[in-house]
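J.: Next up, start23.pdb (PDB, N, CA and C atoms).
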ATOM      1  N   MET G   1       0.855  -1.187   0.000  1.00  0.00           N
ATOM      2  CA  MET G   1       0.000   0.000   0.000  1.00  0.00           C
ATOM      3  C   MET G   1       0.889   1.235   0.000  1.00  0.00           C
ATOM      4  N   SER G   2       0.437   2.224  -0.703  1.00  0.00           N
ATOM      5  CA  SER G   2       1.208   3.461  -0.778  1.00  0.00           C
ATOM      6  C   SER G   2       0.981   4.296   0.486  1.00  0.00           C
ATOM      7  N   GLY G   3       1.805   5.280   0.654  1.00  0.00           N
ATOM      8  CA  GLY G   3       1.688   6.161   1.815  1.00  0.00           C
ATOM      9  C   GLY G   3       0.371   6.915   1.833  1.00  0.00           C
ATOM     10  N   THR G   4      -0.091   7.311   0.654  1.00  0.00           N
ATOM     11  CA  THR G   4      -1.369   8.021   0.559  1.00  0.00           C
ATOM     12  C   THR G   4      -2.523   7.126   0.989  1.00  0.00           C
ATOM     13  N   ALA G   5      -2.481   5.865   0.573  1.00  0.00           N
ATOM     14  CA  ALA G   5      -3.545   4.928   0.941  1.00  0.00           C
ATOM     15  C   ALA G   5      -3.567   4.690   2.447  1.00  0.00           C
ATOM     16  N   VAL G   6      -2.398   4.557   3.048  1.00  0.00           N
ATOM     17  CA  VAL G   6      -2.320   4.346   4.498  1.00  0.00           C
ATOM     18  C   VAL G   6      -2.842   5.574   5.225  1.00  0.00           C
ATOM     19  N   MET G   7      -2.469   6.757   4.746  1.00  0.00           N
ATOM     20  CA  MET G   7      -2.916   7.989   5.391  1.00  0.00           C
ATOM     21  C   MET G   7      -4.444   8.132   5.287  1.00  0.00           C
ATOM     22  N   MET G   8      -5.013   7.821   4.145  1.00  0.00           N
ATOM     23  CA  MET G   8      -6.466   7.884   3.983  1.00  0.00           C
ATOM     24  C   MET G   8      -7.157   6.851   4.875  1.00  0.00           C
ATOM     25  N   MET G   9      -6.575   5.652   4.988  1.00  0.00           N
ATOM     26  CA  MET G   9      -7.149   4.617   5.828  1.00  0.00           C
ATOM     27  C   MET G   9      -7.166   5.069   7.288  1.00  0.00           C
ATOM     28  N   VAL G  10      -6.068   5.616   7.756  1.00  0.00           N
ATOM     29  CA  VAL G  10      -5.985   6.089   9.143  1.00  0.00           C
ATOM     30  C   VAL G  10      -6.969   7.233   9.363  1.00  0.00           C
ATOM     31  N   LEU G  11      -7.054   8.151   8.418  1.00  0.00           N
ATOM     32  CA  LEU G  11      -7.973   9.280   8.546  1.00  0.00           C
ATOM     33  C   LEU G  11      -9.416   8.800   8.678  1.00  0.00           C
ATOM     34  N   PHE G  12      -9.829   7.902   7.803  1.00  0.00           N
ATOM     35  CA  PHE G  12     -11.213   7.442   7.848  1.00  0.00           C
ATOM     36  C   PHE G  12     -11.478   6.531   9.038  1.00  0.00           C
ATOM     37  N   MET G  13     -10.478   5.814   9.514  1.00  0.00           N
ATOM     38  CA  MET G  13     -10.656   5.040  10.747  1.00  0.00           C
ATOM     39  C   MET G  13     -10.887   5.977  11.926  1.00  0.00           C
ATOM     40  N   LEU G  14     -10.148   7.085  11.964  1.00  0.00           N
ATOM     41  CA  LEU G  14     -10.349   8.066  13.029  1.00  0.00           C
ATOM     42  C   LEU G  14     -11.739   8.692  12.947  1.00  0.00           C
ATOM     43  N   VAL G  15     -12.205   8.966  11.743  1.00  0.00           N
ATOM     44  CA  VAL G  15     -13.542   9.543  11.577  1.00  0.00           C
ATOM     45  C   VAL G  15     -14.608   8.567  12.063  1.00  0.00           C
ATOM     46  N   ILE G  16     -14.506   7.308  11.656  1.00  0.00           N
ATOM     47  CA  ILE G  16     -15.506   6.307  12.048  1.00  0.00           C
ATOM     48  C   ILE G  16     -15.488   6.076  13.553  1.00  0.00           C
ATOM     49  N   TRP G  17     -14.312   5.795  14.116  1.00  0.00           N
ATOM     50  CA  TRP G  17     -14.223   5.517  15.551  1.00  0.00           C
ATOM     51  C   TRP G  17     -14.511   6.763  16.379  1.00  0.00           C
ATOM     52  N   GLY G  18     -14.151   7.929  15.868  1.00  0.00           N
ATOM     53  CA  GLY G  18     -14.465   9.178  16.567  1.00  0.00           C
ATOM     54  C   GLY G  18     -15.965   9.411  16.628  1.00  0.00           C
ATOM     55  N   GLY G  19     -16.656   9.114  15.528  1.00  0.00           N
ATOM     56  CA  GLY G  19     -18.113   9.244  15.523  1.00  0.00           C
ATOM     57  C   GLY G  19     -18.766   8.272  16.484  1.00  0.00           C
ATOM     58  N   LEU G  20     -18.240   7.058  16.536  1.00  0.00           N
ATOM     59  CA  LEU G  20     -18.771   6.069  17.471  1.00  0.00           C
ATOM     60  C   LEU G  20     -18.556   6.518  18.914  1.00  0.00           C
ATOM     61  N   ALA G  21     -17.365   7.012  19.216  1.00  0.00           N
ATOM     62  CA  ALA G  21     -17.072   7.477  20.574  1.00  0.00           C
ATOM     63  C   ALA G  21     -17.939   8.681  20.937  1.00  0.00           C
ATOM     64  N   THR G  22     -18.115   9.601  19.997  1.00  0.00           N
ATOM     65  CA  THR G  22     -18.936  10.783  20.251  1.00  0.00           C
ATOM     66  C   THR G  22     -20.392  10.410  20.489  1.00  0.00           C
ATOM     67  N   SER G  23     -20.922   9.511  19.682  1.00  0.00           N
ATOM     68  CA  SER G  23     -22.320   9.113  19.863  1.00  0.00           C
ATOM     69  C   SER G  23     -22.517   8.329  21.155  1.00  0.00           C
ATOM     70  N   THR G  24     -21.548   7.497  21.527  1.00  0.00           N
ATOM     71  CA  THR G  24     -21.632   6.759  22.791  1.00  0.00           C
ATOM     72  C   THR G  24     -21.622   7.716  23.970  1.00  0.00           C
ATOM     73  N   TYR G  25     -20.727   8.701  23.927  1.00  0.00           N
ATOM     74  CA  TYR G  25     -20.655   9.700  24.996  1.00  0.00           C
ATOM     75  C   TYR G  25     -21.959  10.501  25.079  1.00  0.00           C
ATOM     76  N   SER G  26     -22.505  10.866  23.922  1.00  0.00           N
ATOM     77  CA  SER G  26     -23.747  11.631  23.891  1.00  0.00           C
ATOM     78  C   SER G  26     -24.905  10.824  24.474  1.00  0.00           C
ATOM     79  N   LEU G  27     -24.972   9.532  24.147  1.00  0.00           N
ATOM     80  CA  LEU G  27     -26.036   8.694  24.703  1.00  0.00           C
ATOM     81  C   LEU G  27     -25.873   8.478  26.201  1.00  0.00           C
ATOM     82  N   MET G  28     -24.635   8.453  26.680  1.00  0.00           N
ATOM     83  CA  MET G  28     -24.426   8.306  28.126  1.00  0.00           C
ATOM     84  C   MET G  28     -24.881   9.570  28.854  1.00  0.00           C
ATOM     85  N   LYS G  29     -24.665  10.746  28.263  1.00  0.00           N
ATOM     86  CA  LYS G  29     -25.087  11.996  28.890  1.00  0.00           C
ATOM     87  C   LYS G  29     -26.591  12.203  28.800  1.00  0.00           C
ATOM     88  N   ASN G  30     -27.200  11.812  27.684  1.00  0.00           N
ATOM     89  CA  ASN G  30     -28.629  12.014  27.448  1.00  0.00           C
ATOM     90  C   ASN G  30     -29.266  10.691  27.052  1.00  0.00           C
ATOM     91  N   PRO G  31     -29.605   9.846  28.023  1.00  0.00           N
ATOM     92  CA  PRO G  31     -30.163   8.536  27.679  1.00  0.00           C
ATOM     93  C   PRO G  31     -31.511   8.662  26.968  1.00  0.00           C
ATOM     94  N   ASP G  32     -31.861   7.629  26.233  1.00  0.00           N
ATOM     95  CA  ASP G  32     -33.102   7.627  25.462  1.00  0.00           C
ATOM     96  C   ASP G  32     -34.334   7.808  26.344  1.00  0.00           C
ATOM     97  N   GLU G  33     -34.279   7.352  27.580  1.00  0.00           N
ATOM     98  CA  GLU G  33     -35.447   7.411  28.451  1.00  0.00           C
ATOM     99  C   GLU G  33     -35.844   8.840  28.793  1.00  0.00           C
ATOM    100  N   THR G  34     -34.893   9.789  28.740  1.00  0.00           N
ATOM    101  CA  THR G  34     -35.203  11.164  29.127  1.00  0.00           C
ATOM    102  C   THR G  34     -35.154  12.126  27.960  1.00  0.00           C
ATOM    103  N   SER G  35     -35.003  11.637  26.748  1.00  0.00           N
ATOM    104  CA  SER G  35     -34.970  12.529  25.595  1.00  0.00           C
ATOM    105  C   SER G  35     -36.099  12.182  24.646  1.00  0.00           C
ATOM    106  N   GLY G  36     -36.283  13.000  23.676  1.00  0.00           N
ATOM    107  CA  GLY G  36     -37.315  12.736  22.684  1.00  0.00           C
ATOM    108  C   GLY G  36     -38.601  13.476  22.979  1.00  0.00           C
ATOM    109  N   LYS G  37     -39.635  13.103  22.272  1.00  0.00           N
ATOM    110  CA  LYS G  37     -40.910  13.808  22.339  1.00  0.00           C
ATOM    111  C   LYS G  37     -41.580  13.652  23.705  1.00  0.00           C
ATOM    112  N   LEU G  38     -41.585  12.445  24.243  1.00  0.00           N
ATOM    113  CA  LEU G  38     -42.255  12.208  25.523  1.00  0.00           C
ATOM    114  C   LEU G  38     -41.332  12.430  26.709  1.00  0.00           C
ATOM    115  N   GLY G  39     -40.053  12.144  26.541  1.00  0.00           N
ATOM    116  CA  GLY G  39     -39.083  12.375  27.602  1.00  0.00           C
ATOM    117  C   GLY G  39     -39.437  11.675  28.888  1.00  0.00           C
ATOM    118  N   ASP G  40     -39.292  12.390  29.987  1.00  0.00           N
ATOM    119  CA  ASP G  40     -39.600  11.803  31.293  1.00  0.00           C
ATOM    120  C   ASP G  40     -40.946  12.313  31.822  1.00  0.00           C
ATOM    121  N   ASN G  41     -41.881  12.530  30.928  1.00  0.00           N
ATOM    122  CA  ASN G  41     -43.225  12.961  31.274  1.00  0.00           C
ATOM    123  C   ASN G  41     -43.889  11.893  32.143  1.00  0.00           C
ATOM    124  N   PRO G  42     -44.515  12.284  33.248  1.00  0.00           N
ATOM    125  CA  PRO G  42     -45.151  11.281  34.118  1.00  0.00           C
ATOM    126  C   PRO G  42     -46.299  10.544  33.434  1.00  0.00           C
ATOM    127  N   GLU G  43     -46.854  11.106  32.370  1.00  0.00           N
ATOM    128  CA  GLU G  43     -47.936  10.447  31.634  1.00  0.00           C
ATOM    129  C   GLU G  43     -47.409   9.421  30.636  1.00  0.00           C
ATOM    130  N   ALA G  44     -46.091   9.295  30.503  1.00  0.00           N
ATOM    131  CA  ALA G  44     -45.501   8.404  29.497  1.00  0.00           C
ATOM    132  C   ALA G  44     -45.047   7.082  30.110  1.00  0.00           C
ATOM    133  N   THR G  45     -45.851   6.509  30.978  1.00  0.00           N
ATOM    134  CA  THR G  45     -45.505   5.204  31.546  1.00  0.00           C
ATOM    135  C   THR G  45     -45.869   4.107  30.552  1.00  0.00           C
ATOM    136  N   ASP G  46     -45.299   2.942  30.734  1.00  0.00           N
ATOM    137  CA  ASP G  46     -45.559   1.829  29.820  1.00  0.00           C
ATOM    138  C   ASP G  46     -47.046   1.481  29.761  1.00  0.00           C
ATOM    139  N   GLU G  47     -47.690   1.483  30.910  1.00  0.00           N
ATOM    140  CA  GLU G  47     -49.097   1.097  30.955  1.00  0.00           C
ATOM    141  C   GLU G  47     -49.971   2.095  30.200  1.00  0.00           C
ATOM    142  N   LYS G  48     -49.746   3.383  30.430  1.00  0.00           N
ATOM    143  CA  LYS G  48     -50.572   4.403  29.774  1.00  0.00           C
ATOM    144  C   LYS G  48     -50.324   4.425  28.267  1.00  0.00           C
ATOM    145  N   LEU G  49     -49.078   4.262  27.844  1.00  0.00           N
ATOM    146  CA  LEU G  49     -48.784   4.242  26.412  1.00  0.00           C
ATOM    147  C   LEU G  49     -49.364   3.001  25.754  1.00  0.00           C
ATOM    148  N   TYR G  50     -49.336   1.871  26.449  1.00  0.00           N
ATOM    149  CA  TYR G  50     -49.925   0.644  25.902  1.00  0.00           C
ATOM    150  C   TYR G  50     -51.433   0.804  25.722  1.00  0.00           C
ATOM    151  N   ASP G  51     -52.075   1.437  26.709  1.00  0.00           N
ATOM    152  CA  ASP G  51     -53.520   1.655  26.619  1.00  0.00           C
ATOM    153  C   ASP G  51     -53.880   2.566  25.448  1.00  0.00           C
ATOM    154  N   GLN G  52     -52.975   3.492  25.092  1.00  0.00           N
ATOM    155  CA  GLN G  52     -53.230   4.421  23.991  1.00  0.00           C
ATOM    156  C   GLN G  52     -52.847   3.826  22.640  1.00  0.00           C
ATOM    157  N   GLY G  53     -52.200   2.690  22.642  1.00  0.00           N
ATOM    158  CA  GLY G  53     -51.841   2.037  21.392  1.00  0.00           C
ATOM    159  C   GLY G  53     -50.464   2.398  20.863  1.00  0.00           C
ATOM    160  N   TYR G  54     -49.590   2.966  21.684  1.00  0.00           N
ATOM    161  CA  TYR G  54     -48.235   3.311  21.229  1.00  0.00           C
ATOM    162  C   TYR G  54     -47.341   2.112  21.275  1.00  0.00           C
TER     163      TYR G  54
END
Would you encode the structure as structure tokens?
T.:
Amino acid sequence: MSGTAVMMMVLFMLVIWGGLATSTYSLMKNPDETSGKLGDNPEATDEKLYDQGY
């Protein structure tokens, strides 16, 4: 492999793994249970959502 190919491979590996690390960190700070449209609304319990057909 040429030097350019190795450099491009390393660059794109950093982009991919960096995106994975960033998204993992973001999910740890803002878990799915407290984000989104319903968030941590007291009306958004499993039982009430099931009764509404969600």
J.: Calculate how many Å separate atom C of Asp32 of chain G from atom N of Gly19 of chain G, rounding to one decimal.
T.: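 Going from atom C of Asp32 of chain G over to atom N of Gly19 of chain G covers 20.8 Å.
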J.: What is the distance, in Å and to one decimal place, between atom C of Gly53 of chain G and atom CA of Asn41 of chain G?
T.: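 Rounded to one decimal, the two atoms are 16.5 Å apart.
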J.: Mind pulling up the distance from atom CA of Met8 of chain G to atom CA of Thr24 of chain G?
T.: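 It comes out at 24.2 Å.
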